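work29.txt (compact mmCIF, C-alpha atoms) appears below.
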```txt
# COMPACT_ATOMS: atom_id res chain seq x y z
CA MET A 1 90.72 124.17 135.48
CA VAL A 2 93.45 123.09 133.05
CA ARG A 3 93.33 119.39 132.25
CA LYS A 4 96.48 117.29 131.87
CA GLU A 5 97.02 116.02 128.37
CA LYS A 6 99.31 113.43 126.87
CA MET A 7 102.24 115.12 125.18
CA PRO A 8 101.57 115.11 121.42
CA ALA A 9 104.28 114.23 118.94
CA PRO A 10 106.21 117.27 117.68
CA MET A 11 104.77 118.74 114.53
CA PRO A 12 107.21 119.28 111.62
CA THR A 13 107.57 122.93 110.62
CA GLY A 14 106.58 122.26 107.04
CA ARG A 15 103.29 120.69 108.07
CA LEU A 16 102.53 123.58 110.40
CA ASN A 17 103.20 126.08 107.63
CA LEU A 18 100.75 124.31 105.34
CA LEU A 19 98.11 124.41 108.06
CA LEU A 20 98.76 128.12 108.46
CA LEU A 21 98.34 128.54 104.70
CA ALA A 22 94.77 127.25 104.91
CA THR A 23 93.72 129.76 107.56
CA PHE A 24 95.59 132.50 105.69
CA ALA A 25 93.43 131.86 102.63
CA MET A 26 90.23 131.96 104.69
CA GLY A 27 91.16 135.24 106.37
CA MET A 28 92.08 136.77 103.05
CA GLY A 29 88.81 135.70 101.48
CA GLN A 30 86.76 137.07 104.37
CA THR A 31 88.12 140.61 104.21
CA ALA A 32 88.34 140.76 100.42
CA VAL A 33 84.54 140.48 100.47
CA PHE A 34 84.14 142.93 103.37
CA ALA A 35 86.27 145.56 101.64
CA VAL A 36 84.11 145.79 98.52
CA LEU A 37 80.66 144.68 99.65
CA PRO A 38 79.43 148.03 101.11
CA MET A 39 80.21 149.91 97.91
CA LEU A 40 79.12 147.03 95.65
CA GLY A 41 75.82 146.86 97.54
CA ARG A 42 75.20 150.57 97.12
CA GLU A 43 75.77 150.18 93.37
CA LEU A 44 73.49 147.14 92.99
CA PHE A 45 70.63 148.55 95.09
CA ALA A 46 70.92 152.24 94.22
CA ASP A 47 67.42 152.25 92.68
CA PHE A 48 65.83 149.79 95.11
CA ASP A 49 63.41 151.36 97.61
CA GLY A 50 63.71 148.45 100.07
CA VAL A 51 60.06 148.72 101.15
CA PHE A 52 58.77 145.59 102.85
CA SER A 53 54.98 145.26 103.19
CA LEU A 54 52.96 142.74 105.18
CA LEU A 55 49.23 142.94 106.02
CA GLY A 56 49.16 146.68 105.57
CA TRP A 57 52.37 147.23 107.55
CA HIS A 58 55.21 148.89 105.65
CA TYR A 59 58.87 149.14 106.51
CA GLN A 60 61.60 150.76 104.41
CA MET A 61 64.85 148.96 105.03
CA PRO A 62 67.86 151.33 105.21
CA LEU A 63 70.40 150.59 102.47
CA GLU A 64 73.16 149.94 105.01
CA LEU A 65 70.99 147.40 106.81
CA LEU A 66 70.01 145.78 103.51
CA VAL A 67 73.66 145.32 102.49
CA ASN A 68 74.64 144.04 105.94
CA LEU A 69 71.85 141.47 105.64
CA LEU A 70 74.09 139.66 103.14
CA ILE A 71 76.78 139.29 105.78
CA ALA A 72 74.36 138.44 108.56
CA THR A 73 72.63 135.66 106.59
CA SER A 74 75.86 133.95 105.57
CA SER A 75 77.14 134.30 109.13
CA LEU A 76 73.99 132.63 110.45
CA SER A 77 74.70 129.69 108.15
CA TYR A 78 78.28 129.65 109.42
CA PHE A 79 77.08 129.62 113.02
CA LEU A 80 74.68 126.74 112.42
CA ILE A 81 77.04 124.49 110.45
CA THR A 82 80.48 124.90 112.08
CA PRO A 83 79.68 122.61 115.05
CA PHE A 84 78.84 119.90 112.48
CA TRP A 85 82.16 120.37 110.67
CA GLY A 86 84.06 120.31 113.96
CA ARG A 87 82.47 116.97 114.92
CA ARG A 88 82.98 115.72 111.39
CA SER A 89 86.71 116.37 111.67
CA ASP A 90 86.73 114.19 114.81
CA ARG A 91 85.02 111.48 112.78
CA ILE A 92 86.79 111.46 109.36
CA GLY A 93 89.94 113.45 110.08
CA ARG A 94 91.06 117.07 109.97
CA LYS A 95 92.58 117.18 106.49
CA PRO A 96 89.51 116.07 104.47
CA VAL A 97 87.36 118.67 106.20
CA ILE A 98 89.93 121.43 105.63
CA VAL A 99 90.07 120.58 101.92
CA ILE A 100 86.26 120.52 101.61
CA GLY A 101 86.11 124.04 103.04
CA LEU A 102 88.76 125.44 100.71
CA PHE A 103 87.24 124.06 97.52
CA GLY A 104 83.79 125.07 98.78
CA TYR A 105 85.01 128.64 99.14
CA CYS A 106 86.08 128.74 95.49
CA LEU A 107 82.79 127.42 94.16
CA GLY A 108 80.72 129.62 96.46
CA MET A 109 82.57 132.77 95.47
CA LEU A 110 82.12 132.01 91.77
CA LEU A 111 78.38 131.49 92.36
CA PHE A 112 78.12 134.84 94.16
CA ASN A 113 79.95 136.60 91.32
CA VAL A 114 77.59 135.13 88.73
CA VAL A 115 74.60 136.49 90.64
CA VAL A 116 76.22 139.93 90.87
CA HIS A 117 76.77 139.90 87.10
CA LEU A 118 73.07 139.15 86.63
CA GLY A 119 72.24 142.12 88.85
CA GLN A 120 74.58 144.44 86.98
CA ALA A 121 72.98 143.34 83.71
CA MET A 122 69.52 144.06 85.21
CA ILE A 123 68.49 140.45 84.62
CA LEU A 124 67.83 140.28 88.34
CA ALA A 125 66.71 143.30 90.37
CA GLY A 126 65.00 144.30 93.59
CA TRP A 127 63.86 141.55 95.93
CA TRP A 128 64.73 138.85 93.38
CA LEU A 129 68.32 140.04 93.28
CA LEU A 130 68.50 140.30 97.06
CA GLY A 131 67.04 136.82 97.55
CA THR A 132 69.39 135.23 95.04
CA LEU A 133 72.41 136.97 96.56
CA LEU A 134 71.35 135.75 99.99
CA LEU A 135 71.00 132.18 98.71
CA SER A 136 74.45 132.27 97.10
CA ARG A 137 76.02 133.58 100.32
CA VAL A 138 74.30 130.87 102.37
CA LEU A 139 75.52 128.07 100.07
CA HIS A 140 79.00 129.58 100.13
CA SER A 141 79.07 129.74 103.91
CA LEU A 142 77.72 126.22 104.47
CA VAL A 143 80.79 124.66 102.85
CA MET A 144 83.65 127.10 103.39
CA SER A 145 82.93 127.04 107.15
CA ALA A 146 84.58 123.60 107.32
CA THR A 147 88.16 124.87 107.14
CA PHE A 148 88.67 126.91 110.29
CA PRO A 149 87.29 124.55 113.01
CA ALA A 150 89.16 121.62 111.46
CA SER A 151 92.36 123.68 111.35
CA MET A 152 91.91 124.72 114.98
CA ALA A 153 91.41 121.08 116.00
CA PHE A 154 94.47 120.10 113.94
CA MET A 155 96.52 122.59 115.95
CA ALA A 156 95.12 121.21 119.21
CA ASP A 157 96.23 117.73 118.10
CA CYS A 158 99.79 119.00 117.81
CA THR A 159 100.12 121.04 121.02
CA ASP A 160 99.78 120.48 124.75
CA ALA A 161 98.76 122.74 127.63
CA SER A 162 102.14 124.50 127.72
CA THR A 163 102.21 125.30 124.00
CA ARG A 164 98.50 125.65 123.18
CA THR A 165 98.34 129.45 123.45
CA ARG A 166 101.34 129.93 121.15
CA GLY A 167 100.04 127.34 118.70
CA VAL A 168 96.59 128.88 118.53
CA SER A 169 98.21 132.30 118.21
CA ARG A 170 100.21 131.18 115.17
CA LEU A 171 97.04 129.86 113.59
CA THR A 172 95.10 133.05 114.23
CA ALA A 173 98.14 135.10 113.16
CA ALA A 174 98.09 133.36 109.78
CA ASN A 175 94.40 134.14 109.56
CA GLY A 176 95.29 137.71 110.53
CA ILE A 177 97.86 137.97 107.75
CA GLY A 178 95.15 136.91 105.34
CA ILE A 179 92.80 139.48 106.85
CA MET A 180 95.51 142.11 106.32
CA VAL A 181 96.29 141.09 102.73
CA GLY A 182 92.67 140.58 101.65
CA PRO A 183 91.71 144.28 101.63
CA ALA A 184 94.70 145.00 99.39
CA LEU A 185 92.80 143.20 96.64
CA ALA A 186 90.25 146.03 96.78
CA TRP A 187 92.65 148.12 94.74
CA PHE A 188 91.64 145.95 91.77
CA ALA A 189 88.12 147.34 92.22
CA SER A 190 89.20 150.15 89.89
CA TYR A 191 88.80 147.55 87.10
CA SER A 192 85.64 145.97 88.51
CA PHE A 193 84.10 145.44 91.94
CA LEU A 194 84.25 141.71 91.22
CA ALA A 195 87.92 141.61 90.17
CA PRO A 196 89.13 141.21 93.80
CA LEU A 197 86.67 138.37 94.37
CA TYR A 198 87.70 136.46 91.25
CA LEU A 199 91.34 136.86 92.20
CA GLN A 200 90.66 135.62 95.73
CA ALA A 201 88.81 132.55 94.40
CA ALA A 202 91.84 131.71 92.25
CA ILE A 203 94.24 132.09 95.19
CA THR A 204 92.10 129.86 97.40
CA PHE A 205 91.93 127.22 94.67
CA VAL A 206 95.74 127.08 94.53
CA VAL A 207 95.92 126.76 98.32
CA ALA A 208 93.32 123.96 98.25
CA VAL A 209 95.38 121.99 95.73
CA ILE A 210 98.56 122.42 97.81
CA ILE A 211 96.79 121.31 100.99
CA TYR A 212 95.24 118.31 99.24
CA PHE A 213 98.57 116.97 97.99
CA TYR A 214 101.03 118.00 100.69
CA LEU A 215 99.35 118.37 104.11
CA PRO A 216 99.81 115.13 106.09
CA LYS A 217 97.06 113.80 108.30
CA SER A 218 97.03 114.86 111.94
CA ARG A 219 97.52 112.23 114.64
CA GLN A 220 94.07 111.42 116.06
CA PRO A 221 94.06 108.35 118.31
CA ASN A 222 90.26 108.45 118.53
CA LEU A 223 89.69 108.86 114.79
CA GLY A 224 86.44 107.26 113.67
CA LEU A 225 84.90 107.02 117.11
CA THR A 226 81.56 108.63 117.84
CA VAL A 227 82.16 111.64 120.08
CA LYS A 228 79.49 113.01 122.40
CA LYS A 229 77.95 116.19 121.04
CA LEU A 230 79.05 119.19 123.07
CA SER A 231 76.67 121.93 124.18
CA PHE A 232 77.20 125.67 124.05
CA PHE A 233 76.12 125.64 127.70
CA ASP A 234 78.68 123.09 128.90
CA SER A 235 79.83 124.37 132.31
CA ARG A 236 83.49 123.81 131.40
CA PHE A 237 83.61 126.51 128.74
CA ARG A 238 80.26 128.32 128.48
CA ILE A 239 81.73 131.51 129.96
CA TYR A 240 84.22 131.65 127.09
CA ILE A 241 81.52 131.05 124.49
CA GLY A 242 79.53 133.98 125.90
CA LEU A 243 82.59 136.17 126.03
CA GLY A 244 83.58 135.30 122.46
CA LEU A 245 80.06 135.93 121.19
CA SER A 246 80.00 139.40 122.76
CA MET A 247 83.48 140.24 121.44
CA PHE A 248 82.63 139.27 117.88
CA VAL A 249 79.20 140.93 117.84
CA MET A 250 80.96 144.21 118.57
CA LEU A 251 83.77 143.56 116.08
CA ALA A 252 81.30 142.63 113.33
CA MET A 253 79.17 145.68 114.05
CA VAL A 254 82.21 147.93 113.64
CA GLN A 255 83.68 146.18 110.60
CA GLN A 256 80.40 146.11 108.68
CA THR A 257 79.69 149.81 109.13
CA LEU A 258 83.19 151.20 108.66
CA GLY A 259 82.97 151.02 104.87
CA PHE A 260 79.99 153.37 105.00
CA TYR A 261 81.69 155.45 107.71
CA PHE A 262 84.79 156.03 105.55
CA GLN A 263 82.68 157.07 102.59
CA ASP A 264 80.40 159.38 104.59
CA ARG A 265 82.93 160.78 107.05
CA LEU A 266 85.55 161.56 104.37
CA ALA A 267 83.08 162.43 101.55
CA LEU A 268 84.59 159.90 99.10
CA ASP A 269 83.21 158.32 95.95
CA PRO A 270 82.67 154.52 96.07
CA ILE A 271 86.01 153.55 94.51
CA GLU A 272 87.99 155.91 96.76
CA ALA A 273 86.06 154.69 99.79
CA ALA A 274 86.88 151.04 98.99
CA GLN A 275 90.55 151.88 98.60
CA HIS A 276 90.80 154.01 101.76
CA PHE A 277 88.82 151.48 103.78
CA SER A 278 91.03 148.65 102.53
CA PHE A 279 94.09 150.52 103.81
CA GLY A 280 92.40 151.02 107.17
CA MET A 281 91.65 147.29 107.35
CA MET A 282 95.29 146.57 106.56
CA CYS A 283 96.30 148.78 109.51
CA SER A 284 93.91 146.90 111.77
CA SER A 285 95.08 143.51 110.54
CA GLY A 286 98.73 144.54 110.71
CA ALA A 287 98.35 145.50 114.37
CA MET A 288 96.55 142.21 114.99
CA LEU A 289 99.46 140.41 113.37
CA VAL A 290 102.02 142.22 115.54
CA ALA A 291 100.09 141.17 118.63
CA GLN A 292 99.90 137.51 117.63
CA LEU A 293 103.39 137.03 116.21
CA PHE A 294 105.47 139.16 118.55
CA ILE A 295 103.53 139.57 121.81
CA VAL A 296 101.57 136.35 122.18
CA GLN A 297 104.48 134.16 121.01
CA ARG A 298 106.56 135.55 123.90
CA TRP A 299 103.69 135.51 126.40
CA ARG A 300 104.33 133.47 129.53
CA GLY A 301 101.13 134.35 131.38
CA SER A 302 97.77 132.62 131.26
CA PRO A 303 95.41 132.85 128.25
CA GLN A 304 92.93 134.71 130.48
CA SER A 305 95.47 137.47 131.10
CA LEU A 306 95.65 138.05 127.35
CA LEU A 307 91.93 138.79 127.43
CA MET A 308 92.46 141.26 130.26
CA LEU A 309 95.11 143.08 128.22
CA GLY A 310 93.46 142.97 124.81
CA LEU A 311 89.88 143.96 125.56
CA PRO A 312 90.64 147.42 127.05
CA LEU A 313 92.77 148.21 123.98
CA ALA A 314 89.93 147.15 121.68
CA ALA A 315 87.46 149.32 123.61
CA THR A 316 89.83 152.29 123.29
CA GLY A 317 90.09 151.84 119.52
CA TYR A 318 86.32 151.66 119.10
CA LEU A 319 85.81 154.88 121.03
CA MET A 320 88.56 156.61 119.04
CA LEU A 321 86.49 156.04 115.90
CA VAL A 322 83.74 158.26 117.30
CA PHE A 323 86.03 161.29 117.29
CA ALA A 324 88.13 160.49 114.20
CA ASP A 325 87.43 163.05 111.49
CA ASP A 326 90.25 162.42 109.02
CA PHE A 327 91.83 159.41 107.35
CA ILE A 328 94.91 159.23 109.60
CA LEU A 329 92.87 159.18 112.80
CA LEU A 330 90.54 156.54 111.39
CA ALA A 331 93.50 154.33 110.45
CA VAL A 332 95.10 154.76 113.90
CA ALA A 333 91.84 153.88 115.64
CA MET A 334 91.54 150.73 113.51
CA ALA A 335 95.12 149.78 114.41
CA VAL A 336 94.38 150.17 118.13
CA PHE A 337 91.31 147.93 118.13
CA GLY A 338 93.15 145.49 115.84
CA LEU A 339 95.96 145.23 118.40
CA GLY A 340 93.44 144.60 121.16
CA MET A 341 91.60 141.89 119.26
CA GLY A 342 94.92 140.33 118.25
CA LEU A 343 95.62 139.75 121.92
CA ALA A 344 92.10 138.80 122.98
CA ALA A 345 91.27 136.26 120.22
CA PRO A 346 94.02 133.69 120.97
CA GLY A 347 93.33 134.13 124.67
CA TYR A 348 89.69 133.24 124.05
CA ASN A 349 90.43 130.15 121.93
CA ALA A 350 93.26 128.80 124.07
CA SER A 351 91.40 129.27 127.36
CA ALA A 352 88.45 127.21 126.15
CA SER A 353 90.52 124.50 124.43
CA LEU A 354 92.32 123.70 127.68
CA ALA A 355 89.01 122.88 129.36
CA VAL A 356 88.21 119.71 127.36
CA GLU A 357 89.80 116.36 126.56
CA SER A 358 91.89 115.72 123.43
CA HIS A 359 89.18 113.66 121.72
CA GLU A 360 86.73 116.59 122.10
CA GLN A 361 88.90 119.21 120.40
CA GLY A 362 87.14 119.04 117.03
CA ALA A 363 83.69 119.37 118.56
CA LEU A 364 84.85 122.27 120.74
CA ALA A 365 86.57 123.98 117.80
CA GLY A 366 83.26 123.90 115.97
CA LEU A 367 81.53 125.65 118.87
CA LEU A 368 84.32 128.21 119.26
CA SER A 369 84.14 129.00 115.55
CA ALA A 370 80.34 129.22 115.71
CA ALA A 371 80.44 132.01 118.31
CA PRO A 372 82.09 134.50 115.90
CA GLY A 373 79.67 133.27 113.22
CA LEU A 374 76.69 134.23 115.35
CA GLY A 375 78.47 137.49 116.15
CA TYR A 376 78.51 138.27 112.44
CA VAL A 377 74.75 137.62 112.32
CA ILE A 378 73.85 139.99 115.12
CA GLY A 379 76.60 142.58 114.66
CA PRO A 380 75.89 143.68 111.06
CA LEU A 381 72.14 143.95 111.68
CA LEU A 382 72.59 145.87 114.93
CA GLY A 383 75.28 148.04 113.37
CA GLY A 384 73.23 148.79 110.26
CA TRP A 385 70.29 149.90 112.38
CA LEU A 386 72.41 152.00 114.77
CA TYR A 387 74.23 153.59 111.83
CA SER A 388 70.93 154.63 110.26
CA VAL A 389 70.09 156.47 113.50
CA ASP A 390 73.48 158.13 113.99
CA VAL A 391 76.76 157.29 112.26
CA THR A 392 78.70 157.23 115.55
CA TYR A 393 76.34 155.00 117.53
CA PRO A 394 77.92 151.65 116.49
CA TYR A 395 81.30 152.79 117.83
CA TRP A 396 79.89 154.17 121.08
CA CYS A 397 78.09 150.87 121.61
CA ALA A 398 81.14 148.71 120.81
CA GLY A 399 83.45 150.74 123.03
CA LEU A 400 81.16 150.63 126.05
CA VAL A 401 80.25 146.94 125.73
CA VAL A 402 83.87 145.81 125.33
CA ALA A 403 84.86 147.97 128.31
CA LEU A 404 82.29 146.05 130.38
CA LEU A 405 83.70 142.74 129.07
CA SER A 406 87.11 143.86 130.30
CA LEU A 407 85.72 144.20 133.82
CA ALA A 408 84.12 140.75 133.55
CA CYS A 409 87.50 139.22 132.64
CA ILE A 410 89.01 140.55 135.85
CA ARG A 411 86.49 138.49 137.80
CA LEU A 412 87.15 135.50 135.52
CA ALA A 413 90.86 135.56 136.41
CA GLU A 414 90.22 135.75 140.16
```
Go ahead and render the structure in this file as structure tokens.
Amino acid sequence: MVRKEKMPAPMPTGRLNLLLLATFAMGMGQTAVFAVLPMLGRELFADFDGVFSLLGWHYQMPLELLVNLLIATSSLSYFLITPFWGRRSDRIGRKPVIVIGLFGYCLGMLLFNVVVHLGQAMILAGWWLLGTLLLSRVLHSLVMSATFPASMAFMADCTDASTRTRGVSRLTAANGIGIMVGPALAWFASYSFLAPLYLQAAITFVVAVIIYFYLPKSRQPNLGLTVKKLSFFDSRFRIYIGLGLSMFVMLAMVQQTLGFYFQDRLALDPIEAAQHFSFGMMCSSGAMLVAQLFIVQRWRGSPQSLLMLGLPLAATGYLMLVFADDFILLAVAMAVFGLGMGLAAPGYNASASLAVESHEQGALAGLLSAAPGLGYVIGPLLGGWLYSVDVTYPYWCAGLVVALLSLACIRLAE
């Protein structure tokens, strides 16, 4: 049921654009890492056997699973901490939390790069290198996770029920532009695998400074009040949390294996694979952007109907990957599932945000952001294991699961 809200004051365009800039930087940073991490991981752990022993039991961790562990661990941290940042933005304001996340991203990325340098210099190796990389990713994630839930709550402060879907779509579209631009930085990998990450840290620092000085505070009539902690199982929105978790588990599983898939399917060296994969990610993000800027902005239906349209498209794109055997087909498949997710993601966020009161938006935004975070814990691990069994299994799994979610959304809209 959609709750009636007091009409918020109109938000000046300039302020909105600055808010979009913050989520742009976060999206860009996310995919800049994704585009180079598979190949960087293979370089760092090329001579590591990955054998784990305990009480006479031995397990050799596949390289793909080992690399994806870096993503999964940081995503677990993201999942655990984003509800805190969402509630914190209700308590101290949206802007301070957004700024904390942006500066935290810069420092965390620099820490990760230092550890990689130590690995390349053979100062750290094997399990010591893996453990230190995991620690750096956790610290990075604990702070940078502040930006997105606070930005989502900021947008909720400035929209009402009639404009929420379009507002959320603009926010996720800005994030999508960043996701599209981020992989382009992988072309600098020809100089060094870390060059894209240093460049991204510098860009995020500039954005953080701009936000700090020029983003006004959002209007929060309940600022400073203690807000009741929301539960993932709250009957008002738990169905959306479950749906979002399933969506992002499948997306993470696909994204975190596609770097390997490009390299293995097309028989490319690591640098070529990073560059081809980055172009594929740009196709996916570009389609996502088209969905959010041109389709969702003109959408007059319910947020739930966006889910019903987007999920079948995403399922189709995942299944196309199974049969793609050249670069063009891979890029087209990525564009198709990007278009589907571009429609489904704002539908997911807007549907849930309309179920709670205005003073609960920060706490809810933290939960909504945590669901993708947990998805990126489960997805990479599941995908790495499935990929080690058969390279097409992650895409079969994603296609079939998202197809089932599409059927569930039909019942949700009834």
>> Here is a test: counting only C-alpha atoms, which residue of A:Met26, A:Leu21, A:Leu368, A:Leu69 is nearest to A:Gly41?
In response: A:Leu69
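Residues with any atom within 7 Å of A:Thr392, counting all atoms listed in the file and excluding same-chain neighbours fewer than 4 positions away, are Val322, Tyr387 and Trp396 of chain A.
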>> Report as a PyMOL selection string all protein, DNA and RNA residues lying within 7 Å of A:Met144, evaluated on all atoms listed in the file, omitting residues in the same chain fewer than 5 positions from it.
In response: chain A and resi 101-102+104-105
>> Which polymer residues, whether protein, DNA or RNA, lie within 10 Å of the coordinate (71.7, 133.5, 105.8) when you count only C-alpha atoms? List them as a ChimeraX atom specification, using the chain letters and numbers from the file.
In response: /A:69-80,133-139,141-142,377
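Proximity to A:Glu357 was assessed for A:Leu230, A:Leu185, A:Pro216, A:Phe205 counting only C-alpha atoms; the smallest distance is recorded for A:Leu230.
Each of A:Leu171, A:Leu258, A:Leu307, A:Ala291 was checked against A:Ala333 using all atoms listed in the file; the smallest atom-to-atom distance is that of A:Leu258.
Atom CA of A:Pro380 to atom CA of A:Val33 spans 14.0 Å [interatomic distance, one decimal].
With all atoms listed in the file as the basis for measurement, A:Ala22 is the residue among A:Ala208, A:Val290, A:Ala22, A:Ile177 that approaches A:Met152 most closely.
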> Looking at only C-alpha atoms, which of A:Phe24, A:Tyr191, A:Phe248, A:Phe103 is the one that sits closest to A:Ser151?
Replying inline: A:Phe24
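One distance worth recording is that between atom CA of A:Gly126 and atom CA of A:Pro183, which is 27.9 Å.
If all atoms listed in the file are the atoms counted, then among A:Arg42, A:His140, A:Lys95, A:His359 the closest residue to A:Ile271 is A:Arg42.
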Set the distance at 7 Å and use all atoms listed in the file: which residues neighbour A:Thr257 once local chain neighbours fewer than 3 positions away are removed? I'd like the list as a CSV table (one decimal) with C-alpha atoms, in the coordinates of the input.
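What follows is the written file out_7.csv:
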```csv
chain,number,residue,atom,x,y,z
A,253,MET,CA,79.2,145.7,114.0
A,254,VAL,CA,82.2,147.9,113.6
A,260,PHE,CA,80.0,153.4,105.0
A,261,TYR,CA,81.7,155.4,107.7
A,383,GLY,CA,75.3,148.0,113.4
A,384,GLY,CA,73.2,148.8,110.3
```
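The two atoms in question, atom CA of A:Val332 and atom CA of A:Gly317, are spaced 8.1 Å apart.
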>> Just want the 9 Å neighbourhood of A:Gly167, counted on only C-alpha atoms, with same-chain residues fewer than 5 positions away dropped. Output as number ranges by chain.
In response: A: 155-156, 158-159, 172, 297, 350
> Residues at most 12 Å from stretch 114-121 of chain A, counting only C-alpha atoms, excluding those fewer than 5 positions away in the same chain, as an NGL selection string?
Replying inline: :A and (37 or 40-48 or 107-109 or 126-137 or 192-195 or 197-198)
